[in-house]
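Undergrad: Please see the structure below; I have some questions.
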Amino acid sequence: METILLEKKDRLALVTINRPKALNALNDQVFSELESCFREVAADEEVAAVVVTGSGEKAFVAGADIKELATLEPLAARRLAERGQRVFNLIENCPKPVIAAVNGFALGGGCELAMACHMRVASEKARFGLPEVGLGLIPGYAGTQRLPRLVGKGIAMELVLTGEMISAARAHEIGLVNHVVAPEALHEKAHAIAAAIQSKGPLAVRHAMEAVNRGFEMSREDGERFEAALFGLLAGTEDTKEGLAAFIEKRKPEFKGR
Ligand code: CAA
């Protein structure tokens, strides 16, 4: 892979979008490689969590590649949006927690990529926005769908219609990011969240993610039914027995992921 760097260490996969000269803009090659990369980390039993970031000082990802967009006919543009949505759904549905470490500009497709991750940690230097209307476009990688779900319809509408770029502090205020930290503390913070998750029961983490992700798209009643079914499933696992026994015996649990 050229446009994606994948490093694995201590059960953590670090995925870096690597086109710094184009501010890590998402072109055809980035999407192909991002898709392969996420298929690999999802299947790798040694990987417990994933951090996604951008290469270089300036950008997380500055959006879809505008030079590529400029050449597209309507049908091809529709296909491009559908493919971007599919790859970002693959990230959202990754069975391992995915944390975006947003180091700089997260605009258009870059903001949509950050939103497809399960959590977002931002550097104080990060900037967020969906500037597509300024290009005569709308967000195409599910930004119009994920942003209102994250921050509410009114604020999402304002950001989508004005194309305004917002600071990391404002993104935190509206609930778009979980934490804002100094640039030099960004990876440490993302890794600390990943480490906290890694110390918990892996099956419980996986089922909790599924309950939140699936439940978000269901009625409250169906979501609760789904939660109860997963709760019951977990109760039959060795990990749940170990977690409960360890509490009672006042010791640390040793989870095996089964
Ligand atoms: N696509 C392709 N190339 C891009 C790019 C993009 N989205 N963003 C930046 N670049 C390129 C620039 O063309 C420039 O390349 P050259 O040196 O070859 O000219 C290089 O990256 C550096 O960019 P700038 O000189 O513009 O850097 P800057 O510091 O002056 O500005 C910026 C930074 C504000 C992020 C500005 O680059 C910018 O506005 N980028 C575009 C942001 C945008 O509109 N994103 C939405 C894209 S559309 C989309 O994403 C659709 C969708 O949802 C499917």
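Following the order of the structure tokens, chains are lettered A, B, ..., residues in each are numbered from 1, and ligands are numbered from 1.
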At a cut-off of 12 Å, using only C-alpha atoms, what residues contact Gly129 of chain A? Leave out same-chain residues fewer than 4 positions from it and give the result as an mmCIF file with all heavy atoms, in the first residue's frame.
TA:
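After the write, around-v7.cif holds the following:
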data_model
loop_
_atom_site.group_PDB
_atom_site.id
_atom_site.type_symbol
_atom_site.label_atom_id
_atom_site.label_comp_id
_atom_site.auth_asym_id
_atom_site.auth_seq_id
_atom_site.Cartn_x
_atom_site.Cartn_y
_atom_site.Cartn_z
ATOM 1 N N VAL A 61 -7.575 14.728 6.896
ATOM 2 C CA VAL A 61 -7.918 14.489 5.488
ATOM 3 C C VAL A 61 -8.708 15.717 5.016
ATOM 4 O O VAL A 61 -9.702 16.092 5.636
ATOM 5 C CB VAL A 61 -8.796 13.221 5.337
ATOM 6 C CG1 VAL A 61 -9.421 13.142 3.954
ATOM 7 C CG2 VAL A 61 -7.995 11.948 5.624
ATOM 8 N N ALA A 62 -8.257 16.350 3.906
ATOM 9 C CA ALA A 62 -8.915 17.582 3.425
ATOM 10 C C ALA A 62 -10.076 17.298 2.481
ATOM 11 O O ALA A 62 -10.487 18.186 1.730
ATOM 12 C CB ALA A 62 -7.900 18.500 2.768
ATOM 13 N N GLY A 63 -10.586 16.060 2.499
ATOM 14 C CA GLY A 63 -11.798 15.778 1.717
ATOM 15 C C GLY A 63 -11.578 14.804 0.597
ATOM 16 O O GLY A 63 -10.495 14.229 0.444
ATOM 17 N N GLY A 104 -5.381 17.609 12.100
ATOM 18 C CA GLY A 104 -5.407 18.875 11.352
ATOM 19 C C GLY A 104 -6.747 18.996 10.649
ATOM 20 O O GLY A 104 -7.778 18.575 11.188
ATOM 21 N N PHE A 105 -6.729 19.530 9.400
ATOM 22 C CA PHE A 105 -7.994 19.708 8.671
ATOM 23 C C PHE A 105 -8.747 18.381 8.513
ATOM 24 O O PHE A 105 -8.173 17.390 8.042
ATOM 25 C CB PHE A 105 -7.725 20.252 7.259
ATOM 26 C CG PHE A 105 -7.228 21.675 7.245
ATOM 27 C CD1 PHE A 105 -5.928 21.981 6.855
ATOM 28 C CD2 PHE A 105 -8.075 22.725 7.595
ATOM 29 C CE1 PHE A 105 -5.468 23.293 6.826
ATOM 30 C CE2 PHE A 105 -7.628 24.039 7.575
ATOM 31 C CZ PHE A 105 -6.320 24.320 7.197
ATOM 32 N N ALA A 106 -10.027 18.386 8.902
ATOM 33 C CA ALA A 106 -10.918 17.239 8.648
ATOM 34 C C ALA A 106 -12.121 17.841 7.925
ATOM 35 O O ALA A 106 -13.098 18.242 8.558
ATOM 36 C CB ALA A 106 -11.328 16.570 9.948
ATOM 37 N N LEU A 107 -11.991 17.939 6.614
ATOM 38 C CA LEU A 107 -13.003 18.656 5.821
ATOM 39 C C LEU A 107 -13.686 17.702 4.843
ATOM 40 O O LEU A 107 -13.047 16.769 4.339
ATOM 41 C CB LEU A 107 -12.328 19.785 5.025
ATOM 42 C CG LEU A 107 -11.581 20.822 5.877
ATOM 43 C CD1 LEU A 107 -10.862 21.828 4.982
ATOM 44 C CD2 LEU A 107 -12.532 21.539 6.832
ATOM 45 N N GLY A 108 -14.942 17.953 4.546
ATOM 46 C CA GLY A 108 -15.658 17.138 3.569
ATOM 47 C C GLY A 108 -15.516 15.660 3.903
ATOM 48 O O GLY A 108 -15.817 15.223 5.022
ATOM 49 N N GLY A 109 -15.014 14.895 2.925
ATOM 50 C CA GLY A 109 -14.815 13.454 3.130
ATOM 51 C C GLY A 109 -13.941 13.142 4.342
ATOM 52 O O GLY A 109 -14.055 12.061 4.927
ATOM 53 N N GLY A 110 -13.081 14.077 4.748
ATOM 54 C CA GLY A 110 -12.225 13.866 5.927
ATOM 55 C C GLY A 110 -13.035 13.927 7.212
ATOM 56 O O GLY A 110 -12.827 13.144 8.139
ATOM 57 N N CYS A 111 -13.979 14.867 7.253
ATOM 58 C CA CYS A 111 -14.868 14.967 8.415
ATOM 59 C C CYS A 111 -15.783 13.738 8.419
ATOM 60 O O CYS A 111 -16.072 13.166 9.481
ATOM 61 C CB CYS A 111 -15.672 16.265 8.286
ATOM 62 S SG CYS A 111 -16.684 16.622 9.707
ATOM 63 N N GLU A 112 -16.176 13.302 7.215
ATOM 64 C CA GLU A 112 -17.048 12.113 7.114
ATOM 65 C C GLU A 112 -16.294 10.852 7.553
ATOM 66 O O GLU A 112 -16.874 9.969 8.193
ATOM 67 C CB GLU A 112 -17.551 11.986 5.671
ATOM 68 C CG GLU A 112 -18.507 13.129 5.303
ATOM 69 C CD GLU A 112 -18.854 13.165 3.830
ATOM 70 O OE1 GLU A 112 -17.922 13.288 2.997
ATOM 71 O OE2 GLU A 112 -20.033 13.074 3.487
ATOM 72 N N LEU A 113 -15.002 10.781 7.244
ATOM 73 C CA LEU A 113 -14.197 9.646 7.699
ATOM 74 C C LEU A 113 -14.109 9.658 9.232
ATOM 75 O O LEU A 113 -14.302 8.625 9.885
ATOM 76 C CB LEU A 113 -12.782 9.724 7.077
ATOM 77 C CG LEU A 113 -11.741 8.770 7.648
ATOM 78 C CD1 LEU A 113 -12.141 7.311 7.454
ATOM 79 C CD2 LEU A 113 -10.360 9.011 6.998
ATOM 80 N N ALA A 114 -13.840 10.834 9.800
ATOM 81 C CA ALA A 114 -13.742 10.928 11.270
ATOM 82 C C ALA A 114 -15.071 10.507 11.909
ATOM 83 O O ALA A 114 -15.085 9.824 12.934
ATOM 84 C CB ALA A 114 -13.369 12.353 11.680
ATOM 85 N N MET A 115 -16.183 10.902 11.272
ATOM 86 C CA MET A 115 -17.495 10.557 11.843
ATOM 87 C C MET A 115 -17.807 9.065 11.721
ATOM 88 O O MET A 115 -18.602 8.535 12.496
ATOM 89 C CB MET A 115 -18.609 11.382 11.180
ATOM 90 C CG MET A 115 -18.551 12.855 11.551
ATOM 91 S SD MET A 115 -20.039 13.754 11.076
ATOM 92 C CE MET A 115 -19.869 13.876 9.309
ATOM 93 N N VAL A 133 -20.955 22.506 -0.178
ATOM 94 C CA VAL A 133 -21.868 23.446 -0.879
ATOM 95 C C VAL A 133 -21.089 24.558 -1.579
ATOM 96 O O VAL A 133 -21.543 25.088 -2.591
ATOM 97 C CB VAL A 133 -22.953 24.055 0.051
ATOM 98 C CG1 VAL A 133 -24.061 23.058 0.360
ATOM 99 C CG2 VAL A 133 -22.356 24.641 1.304
ATOM 100 N N GLY A 134 -19.920 24.896 -1.055
ATOM 101 C CA GLY A 134 -19.074 25.920 -1.689
ATOM 102 C C GLY A 134 -18.513 25.450 -3.021
ATOM 103 O O GLY A 134 -18.049 26.253 -3.840
ATOM 104 N N PRO A 139 -22.286 16.878 0.749
ATOM 105 C CA PRO A 139 -21.465 15.770 1.245
ATOM 106 C C PRO A 139 -21.958 14.461 0.620
ATOM 107 O O PRO A 139 -23.168 14.277 0.449
ATOM 108 C CB PRO A 139 -21.729 15.790 2.757
ATOM 109 C CG PRO A 139 -22.146 17.202 3.044
ATOM 110 C CD PRO A 139 -22.920 17.636 1.839
ATOM 111 N N GLY A 143 -22.145 12.204 5.144
ATOM 112 C CA GLY A 143 -22.043 13.334 6.082
ATOM 113 C C GLY A 143 -23.402 13.914 6.454
ATOM 114 O O GLY A 143 -23.615 14.323 7.598
ATOM 115 N N THR A 144 -24.332 13.934 5.493
ATOM 116 C CA THR A 144 -25.661 14.490 5.802
ATOM 117 C C THR A 144 -26.432 13.561 6.734
ATOM 118 O O THR A 144 -27.432 13.967 7.322
ATOM 119 C CB THR A 144 -26.508 14.711 4.519
ATOM 120 O OG1 THR A 144 -26.698 13.444 3.874
ATOM 121 C CG2 THR A 144 -25.844 15.681 3.558
ATOM 122 N N LEU A 147 -23.741 13.418 10.553
ATOM 123 C CA LEU A 147 -23.598 14.649 11.351
ATOM 124 C C LEU A 147 -24.845 14.935 12.198
ATOM 125 O O LEU A 147 -24.708 15.174 13.405
ATOM 126 C CB LEU A 147 -23.215 15.844 10.460
ATOM 127 C CG LEU A 147 -22.843 17.114 11.237
ATOM 128 C CD1 LEU A 147 -21.611 16.903 12.130
ATOM 129 C CD2 LEU A 147 -22.599 18.296 10.290
ATOM 130 N N ILE A 155 -27.885 22.059 14.302
ATOM 131 C CA ILE A 155 -26.469 22.431 14.146
ATOM 132 C C ILE A 155 -25.901 21.791 12.889
ATOM 133 O O ILE A 155 -25.139 22.404 12.140
ATOM 134 C CB ILE A 155 -25.670 22.049 15.416
ATOM 135 C CG1 ILE A 155 -26.118 22.987 16.539
ATOM 136 C CG2 ILE A 155 -24.181 22.158 15.193
ATOM 137 C CD1 ILE A 155 -25.503 22.730 17.879
ATOM 138 N N ALA A 156 -26.325 20.543 12.606
ATOM 139 C CA ALA A 156 -25.848 19.866 11.388
ATOM 140 C C ALA A 156 -26.292 20.664 10.162
ATOM 141 O O ALA A 156 -25.507 20.895 9.232
ATOM 142 C CB ALA A 156 -26.398 18.449 11.325
ATOM 143 N N MET A 157 -27.547 21.102 10.164
ATOM 144 C CA MET A 157 -28.062 21.853 9.017
ATOM 145 C C MET A 157 -27.217 23.111 8.799
ATOM 146 O O MET A 157 -26.839 23.426 7.673
ATOM 147 C CB MET A 157 -29.533 22.202 9.302
ATOM 148 C CG MET A 157 -30.329 22.573 8.096
ATOM 149 S SD MET A 157 -30.514 21.217 6.915
ATOM 150 C CE MET A 157 -32.136 20.606 7.315
ATOM 151 N N GLU A 158 -26.906 23.815 9.882
ATOM 152 C CA GLU A 158 -26.102 25.047 9.753
ATOM 153 C C GLU A 158 -24.727 24.729 9.157
ATOM 154 O O GLU A 158 -24.264 25.415 8.237
ATOM 155 C CB GLU A 158 -25.958 25.710 11.132
ATOM 156 C CG GLU A 158 -25.180 27.018 11.067
ATOM 157 C CD GLU A 158 -25.008 27.676 12.437
ATOM 158 O OE1 GLU A 158 -25.838 27.426 13.337
ATOM 159 O OE2 GLU A 158 -24.028 28.440 12.587
ATOM 160 N N LEU A 159 -24.094 23.664 9.665
ATOM 161 C CA LEU A 159 -22.748 23.347 9.165
ATOM 162 C C LEU A 159 -22.772 22.910 7.702
ATOM 163 O O LEU A 159 -21.895 23.272 6.917
ATOM 164 C CB LEU A 159 -22.102 22.258 10.035
ATOM 165 C CG LEU A 159 -21.715 22.701 11.451
ATOM 166 C CD1 LEU A 159 -21.221 21.529 12.274
ATOM 167 C CD2 LEU A 159 -20.647 23.795 11.397
ATOM 168 N N VAL A 160 -23.796 22.139 7.331
ATOM 169 C CA VAL A 160 -23.878 21.650 5.946
ATOM 170 C C VAL A 160 -24.219 22.806 4.992
ATOM 171 O O VAL A 160 -23.659 22.900 3.889
ATOM 172 C CB VAL A 160 -24.930 20.517 5.824
ATOM 173 C CG1 VAL A 160 -25.183 20.156 4.362
ATOM 174 C CG2 VAL A 160 -24.476 19.273 6.586
ATOM 175 N N LEU A 161 -25.105 23.701 5.407
ATOM 176 C CA LEU A 161 -25.556 24.768 4.493
ATOM 177 C C LEU A 161 -24.577 25.928 4.382
ATOM 178 O O LEU A 161 -24.477 26.559 3.334
ATOM 179 C CB LEU A 161 -26.939 25.289 4.917
ATOM 180 C CG LEU A 161 -28.078 24.259 4.915
ATOM 181 C CD1 LEU A 161 -29.414 24.933 5.152
ATOM 182 C CD2 LEU A 161 -28.115 23.454 3.622
ATOM 183 N N THR A 162 -23.870 26.225 5.482
ATOM 184 C CA THR A 162 -22.910 27.341 5.405
ATOM 185 C C THR A 162 -21.544 26.864 4.943
ATOM 186 O O THR A 162 -20.738 27.667 4.470
ATOM 187 C CB THR A 162 -22.709 28.024 6.785
ATOM 188 O OG1 THR A 162 -22.142 27.055 7.680
ATOM 189 C CG2 THR A 162 -24.020 28.572 7.343
ATOM 190 N N GLY A 163 -21.239 25.573 5.130
ATOM 191 C CA GLY A 163 -19.917 25.056 4.782
ATOM 192 C C GLY A 163 -18.838 25.610 5.710
ATOM 193 O O GLY A 163 -17.643 25.483 5.443
ATOM 194 N N GLU A 164 -19.277 26.209 6.821
ATOM 195 C CA GLU A 164 -18.358 26.872 7.755
ATOM 196 C C GLU A 164 -17.346 25.886 8.351
ATOM 197 O O GLU A 164 -17.694 24.749 8.674
ATOM 198 C CB GLU A 164 -19.220 27.473 8.877
ATOM 199 C CG GLU A 164 -18.475 28.216 9.953
ATOM 200 C CD GLU A 164 -19.310 28.347 11.250
ATOM 201 O OE1 GLU A 164 -20.476 27.907 11.257
ATOM 202 O OE2 GLU A 164 -18.782 28.868 12.226
ATOM 203 N N MET A 165 -16.111 26.357 8.506
ATOM 204 C CA MET A 165 -15.085 25.537 9.146
ATOM 205 C C MET A 165 -15.082 25.881 10.637
ATOM 206 O O MET A 165 -15.115 27.062 10.985
ATOM 207 C CB MET A 165 -13.727 25.905 8.541
ATOM 208 C CG MET A 165 -12.786 24.740 8.461
ATOM 209 S SD MET A 165 -11.122 25.204 8.042
ATOM 210 C CE MET A 165 -11.183 25.809 6.397
ATOM 211 N N ILE A 166 -15.060 24.874 11.500
ATOM 212 C CA ILE A 166 -15.097 25.153 12.940
ATOM 213 C C ILE A 166 -13.827 24.645 13.631
ATOM 214 O O ILE A 166 -13.169 23.726 13.151
ATOM 215 C CB ILE A 166 -16.357 24.557 13.621
ATOM 216 C CG1 ILE A 166 -16.430 23.033 13.432
ATOM 217 C CG2 ILE A 166 -17.637 25.242 13.139
ATOM 218 C CD1 ILE A 166 -17.518 22.361 14.282
ATOM 219 N N SER A 167 -13.542 25.272 14.765
ATOM 220 C CA SER A 167 -12.346 24.899 15.541
ATOM 221 C C SER A 167 -12.593 23.581 16.276
ATOM 222 O O SER A 167 -13.747 23.143 16.430
ATOM 223 C CB SER A 167 -12.064 25.999 16.574
ATOM 224 O OG SER A 167 -13.120 26.016 17.523
ATOM 225 N N ALA A 168 -11.504 23.025 16.805
ATOM 226 C CA ALA A 168 -11.628 21.803 17.602
ATOM 227 C C ALA A 168 -12.453 22.082 18.857
ATOM 228 O O ALA A 168 -13.267 21.253 19.275
ATOM 229 C CB ALA A 168 -10.230 21.297 17.979
ATOM 230 N N ARG A 170 -14.914 24.236 19.228
ATOM 231 C CA ARG A 170 -16.342 24.269 18.860
ATOM 232 C C ARG A 170 -16.848 22.844 18.565
ATOM 233 O O ARG A 170 -17.963 22.485 18.941
ATOM 234 C CB ARG A 170 -16.523 25.195 17.642
ATOM 235 C CG ARG A 170 -17.930 25.240 17.082
ATOM 236 C CD ARG A 170 -18.921 25.955 17.994
ATOM 237 N NE ARG A 170 -20.270 25.933 17.415
ATOM 238 C CZ ARG A 170 -21.388 25.853 18.132
ATOM 239 N NH1 ARG A 170 -21.338 25.821 19.454
ATOM 240 N NH2 ARG A 170 -22.546 25.837 17.535
ATOM 241 N N ALA A 171 -16.005 22.046 17.884
ATOM 242 C CA ALA A 171 -16.404 20.658 17.583
ATOM 243 C C ALA A 171 -16.659 19.892 18.880
ATOM 244 O O ALA A 171 -17.575 19.082 18.966
ATOM 245 C CB ALA A 171 -15.325 19.968 16.744
ATOM 246 N N LEU A 176 -19.147 16.857 18.493
ATOM 247 C CA LEU A 176 -18.586 16.174 17.321
ATOM 248 C C LEU A 176 -17.308 15.415 17.688
ATOM 249 O O LEU A 176 -16.993 14.406 17.073
ATOM 250 C CB LEU A 176 -18.314 17.215 16.213
ATOM 251 C CG LEU A 176 -17.722 16.743 14.904
ATOM 252 C CD1 LEU A 176 -18.554 15.627 14.262
ATOM 253 C CD2 LEU A 176 -17.589 17.913 13.920
#
Undergrad: Enumerate the residues of segment 50-208 of chain A with a DSSP assignment of helix (DSSP H, G or I), computed from the backbone, and present them as a compact mmCIF listing (two decimals) with C-alpha atoms, in the first residue's frame.
TA:
# COMPACT_ATOMS: atom_id res chain seq x y z
CA ILE A 66 -11.36 17.58 -5.86
CA LYS A 67 -9.22 17.07 -8.97
CA GLU A 68 -10.71 13.59 -9.37
CA LEU A 69 -14.26 14.87 -8.72
CA PRO A 74 -23.22 12.05 -12.92
CA LEU A 75 -23.39 8.24 -12.95
CA ALA A 76 -19.72 7.93 -12.01
CA ALA A 77 -20.21 10.53 -9.24
CA ARG A 78 -23.08 8.50 -7.83
CA ARG A 79 -20.96 5.34 -7.90
CA LEU A 80 -18.13 7.24 -6.18
CA ALA A 81 -20.45 8.34 -3.38
CA GLU A 82 -21.84 4.82 -2.98
CA ARG A 83 -18.37 3.36 -2.79
CA GLY A 84 -17.22 5.94 -0.22
CA GLN A 85 -20.32 5.19 1.85
CA ARG A 86 -19.61 1.44 1.63
CA VAL A 87 -15.98 1.83 2.78
CA PHE A 88 -16.98 4.16 5.64
CA ASN A 89 -19.71 1.68 6.68
CA LEU A 90 -17.01 -0.98 6.77
CA ILE A 91 -15.13 1.23 9.25
CA GLU A 92 -18.25 1.91 11.33
CA GLY A 109 -14.82 13.45 3.13
CA GLY A 110 -12.22 13.87 5.93
CA CYS A 111 -14.87 14.97 8.42
CA GLU A 112 -17.05 12.11 7.11
CA LEU A 113 -14.20 9.65 7.70
CA ALA A 114 -13.74 10.93 11.27
CA MET A 115 -17.49 10.56 11.84
CA ALA A 116 -17.44 6.95 10.58
CA PRO A 131 -17.54 22.72 2.78
CA GLU A 132 -19.11 20.87 -0.20
CA VAL A 133 -21.87 23.45 -0.88
CA GLY A 134 -19.07 25.92 -1.69
CA LEU A 135 -18.08 23.57 -4.52
CA GLY A 143 -22.04 13.33 6.08
CA THR A 144 -25.66 14.49 5.80
CA GLN A 145 -26.66 11.35 7.71
CA ARG A 146 -23.96 10.98 10.38
CA LEU A 147 -23.60 14.65 11.35
CA PRO A 148 -27.24 15.15 12.50
CA ARG A 149 -27.05 11.86 14.41
CA LEU A 150 -23.93 13.10 16.22
CA VAL A 151 -24.74 16.78 16.88
CA LYS A 153 -30.38 18.37 13.17
CA GLY A 154 -30.24 22.15 13.70
CA ILE A 155 -26.47 22.43 14.15
CA ALA A 156 -25.85 19.87 11.39
CA MET A 157 -28.06 21.85 9.02
CA GLU A 158 -26.10 25.05 9.75
CA LEU A 159 -22.75 23.35 9.16
CA VAL A 160 -23.88 21.65 5.95
CA LEU A 161 -25.56 24.77 4.49
CA THR A 162 -22.91 27.34 5.40
CA ALA A 168 -11.63 21.80 17.60
CA ALA A 169 -13.03 23.62 20.65
CA ARG A 170 -16.34 24.27 18.86
CA ALA A 171 -16.40 20.66 17.58
CA HIS A 172 -16.05 19.55 21.20
CA GLU A 173 -18.78 21.93 22.35
CA PRO A 183 -1.00 18.43 19.33
CA GLU A 184 1.85 16.57 21.03
CA ALA A 185 -0.62 14.68 23.29
CA LEU A 186 -2.91 13.50 20.49
CA HIS A 187 -1.57 9.98 19.99
CA GLU A 188 -1.05 9.46 23.71
CA LYS A 189 -4.73 10.27 24.33
CA ALA A 190 -5.99 8.01 21.51
CA HIS A 191 -3.72 5.19 22.72
CA ALA A 192 -4.88 5.66 26.34
CA ILE A 193 -8.52 5.22 25.26
CA ALA A 194 -7.56 2.15 23.20
CA ALA A 195 -5.60 0.70 26.16
CA ALA A 196 -8.56 1.21 28.53
CA ILE A 197 -10.79 -0.70 26.09
CA GLN A 198 -8.18 -3.44 25.54
CA PRO A 202 -13.13 -8.46 24.23
CA LEU A 203 -16.49 -10.18 23.61
CA ALA A 204 -18.27 -7.67 25.84
CA VAL A 205 -16.61 -4.77 23.96
CA ARG A 206 -17.66 -6.24 20.63
CA HIS A 207 -21.25 -6.82 21.72
CA ALA A 208 -21.49 -3.38 23.35
Undergrad: For ligand 1, which residue among A:Arg127, A:Arg258, A:Arg120, A:Lys241 is the nearest when counting only C-alpha atoms and all ligand atoms?
TA: A:Arg127
Undergrad: For ligand 1, which residue out of A:Leu72, A:Ala126, A:Leu137, A:Leu6 is the nearest one, using only C-alpha atoms and all ligand atoms?
TA: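 Closest residue, counting only C-alpha atoms and all ligand atoms: A:Leu137.
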Undergrad: Considering only C-alpha atoms, state which residue in the set A:Val102, A:Ala142, A:Ala64, A:Leu234 is at the smallest distance from Glu124 of chain A.
TA: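 The closest residue to Glu124 of chain A is A:Val102.
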Undergrad: Using only C-alpha atoms, determine which residues lie at most 12 Å from Asp44 of chain A, disregarding the query and same-chain residues fewer than 3 positions distant; provide the list as a list of chain:residue names.
TA: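 Within the cut-off, the hits are A:Lys8, A:Arg11, A:Leu12, A:Ala13, A:Cys37, A:Phe38, A:Arg39, A:Glu40, A:Val41, A:Val47, A:Ala48, A:Ala49, A:Val50, A:Cys94, A:Pro95, A:Lys96.
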Undergrad: Dump all heavy atoms for the selected residues as a short mmCIF file (atom, residue, chain, number, x, y, z; two decimals), in the first residue's frame?
TA:
data_model
loop_
_atom_site.label_atom_id
_atom_site.label_comp_id
_atom_site.auth_asym_id
_atom_site.auth_seq_id
_atom_site.Cartn_x
_atom_site.Cartn_y
_atom_site.Cartn_z
N LYS A 8 1.31 -2.14 13.24
CA LYS A 8 0.65 -2.85 14.35
C LYS A 8 1.64 -2.98 15.50
O LYS A 8 2.78 -3.40 15.29
CB LYS A 8 0.21 -4.25 13.90
CG LYS A 8 -0.84 -4.23 12.81
CD LYS A 8 -1.21 -5.65 12.40
CE LYS A 8 -1.98 -5.68 11.11
NZ LYS A 8 -2.16 -7.03 10.57
N ARG A 11 -1.09 -4.81 20.09
CA ARG A 11 -2.51 -5.10 19.79
C ARG A 11 -3.27 -3.89 19.24
O ARG A 11 -4.49 -3.90 19.16
CB ARG A 11 -3.23 -5.66 21.03
CG ARG A 11 -2.46 -6.82 21.69
CD ARG A 11 -3.36 -7.77 22.41
NE ARG A 11 -4.32 -8.39 21.52
CZ ARG A 11 -5.58 -8.64 21.85
NH1 ARG A 11 -6.04 -8.30 23.04
NH2 ARG A 11 -6.38 -9.23 21.00
N LEU A 12 -2.52 -2.82 18.89
CA LEU A 12 -3.16 -1.63 18.33
C LEU A 12 -2.71 -1.46 16.87
O LEU A 12 -1.53 -1.59 16.59
CB LEU A 12 -2.72 -0.40 19.14
CG LEU A 12 -3.36 0.91 18.73
CD1 LEU A 12 -4.76 1.00 19.31
CD2 LEU A 12 -2.54 2.09 19.19
N ALA A 13 -3.66 -1.21 15.97
CA ALA A 13 -3.31 -0.93 14.57
C ALA A 13 -3.40 0.57 14.36
O ALA A 13 -4.41 1.19 14.69
CB ALA A 13 -4.26 -1.66 13.63
N CYS A 37 -7.22 -2.42 3.97
CA CYS A 37 -6.63 -2.25 5.30
C CYS A 37 -7.66 -2.61 6.37
O CYS A 37 -7.35 -3.35 7.33
CB CYS A 37 -6.18 -0.81 5.41
SG CYS A 37 -5.61 -0.35 7.00
N PHE A 38 -8.90 -2.12 6.24
CA PHE A 38 -9.91 -2.42 7.25
C PHE A 38 -10.37 -3.87 7.21
O PHE A 38 -10.69 -4.45 8.25
CB PHE A 38 -11.07 -1.41 7.21
CG PHE A 38 -10.78 -0.28 8.18
CD1 PHE A 38 -10.07 0.82 7.77
CD2 PHE A 38 -11.15 -0.38 9.51
CE1 PHE A 38 -9.74 1.83 8.66
CE2 PHE A 38 -10.83 0.61 10.42
CZ PHE A 38 -10.13 1.72 9.99
N ARG A 39 -10.36 -4.49 6.01
CA ARG A 39 -10.67 -5.92 5.97
C ARG A 39 -9.60 -6.68 6.75
O ARG A 39 -9.89 -7.62 7.49
CB ARG A 39 -10.75 -6.42 4.53
CG ARG A 39 -11.98 -5.89 3.82
CD ARG A 39 -12.37 -6.68 2.59
NE ARG A 39 -13.42 -6.00 1.87
CZ ARG A 39 -14.70 -5.94 2.24
NH1 ARG A 39 -15.09 -6.58 3.32
NH2 ARG A 39 -15.59 -5.27 1.54
N GLU A 40 -8.33 -6.26 6.58
CA GLU A 40 -7.24 -6.95 7.27
C GLU A 40 -7.33 -6.78 8.79
O GLU A 40 -7.28 -7.76 9.53
CB GLU A 40 -5.88 -6.42 6.76
CG GLU A 40 -4.73 -7.10 7.46
CD GLU A 40 -3.36 -6.60 7.00
OE1 GLU A 40 -3.23 -6.13 5.85
OE2 GLU A 40 -2.43 -6.68 7.82
N VAL A 41 -7.51 -5.54 9.28
CA VAL A 41 -7.52 -5.35 10.74
C VAL A 41 -8.75 -6.00 11.38
O VAL A 41 -8.69 -6.49 12.50
CB VAL A 41 -7.38 -3.88 11.19
CG1 VAL A 41 -6.04 -3.31 10.79
CG2 VAL A 41 -8.49 -3.00 10.72
N VAL A 47 -5.25 -7.83 16.62
CA VAL A 47 -5.57 -6.39 16.70
C VAL A 47 -6.82 -6.22 17.56
O VAL A 47 -7.87 -6.79 17.29
CB VAL A 47 -5.81 -5.80 15.28
CG1 VAL A 47 -6.36 -4.37 15.39
CG2 VAL A 47 -4.54 -5.82 14.47
N ALA A 48 -6.69 -5.40 18.63
CA ALA A 48 -7.83 -5.18 19.53
C ALA A 48 -8.47 -3.82 19.31
O ALA A 48 -9.64 -3.62 19.66
CB ALA A 48 -7.38 -5.31 20.98
N ALA A 49 -7.73 -2.85 18.76
CA ALA A 49 -8.29 -1.51 18.54
C ALA A 49 -7.52 -0.85 17.40
O ALA A 49 -6.40 -1.27 17.07
CB ALA A 49 -8.17 -0.67 19.81
N VAL A 50 -8.14 0.18 16.81
CA VAL A 50 -7.54 0.83 15.63
C VAL A 50 -7.55 2.35 15.85
O VAL A 50 -8.54 2.90 16.35
CB VAL A 50 -8.38 0.51 14.36
CG1 VAL A 50 -7.71 1.07 13.10
CG2 VAL A 50 -8.63 -0.99 14.21
N CYS A 94 -16.66 -2.08 11.81
CA CYS A 94 -15.46 -2.85 12.20
C CYS A 94 -15.69 -3.40 13.60
O CYS A 94 -16.12 -2.68 14.50
CB CYS A 94 -14.23 -1.92 12.17
SG CYS A 94 -12.71 -2.75 12.67
N PRO A 95 -15.42 -4.69 13.82
CA PRO A 95 -15.67 -5.27 15.16
C PRO A 95 -14.68 -4.80 16.22
O PRO A 95 -14.82 -5.14 17.38
CB PRO A 95 -15.56 -6.77 14.90
CG PRO A 95 -14.73 -6.90 13.68
CD PRO A 95 -14.96 -5.69 12.85
N LYS A 96 -13.65 -4.04 15.83
CA LYS A 96 -12.70 -3.48 16.80
C LYS A 96 -13.00 -1.99 16.94
O LYS A 96 -13.36 -1.35 15.94
CB LYS A 96 -11.24 -3.62 16.29
CG LYS A 96 -10.92 -4.88 15.51
CD LYS A 96 -10.82 -6.10 16.40
CE LYS A 96 -10.83 -7.42 15.64
NZ LYS A 96 -9.60 -7.76 14.96
#
Undergrad: Which parts of segment 75-233 of chain A does DSSP call strand (DSSP E or B) when run on the backbone here, written out as number ranges by chain?
TA: A: 98-102, 105-107, 119-123, 127-129, 166-167, 179-181
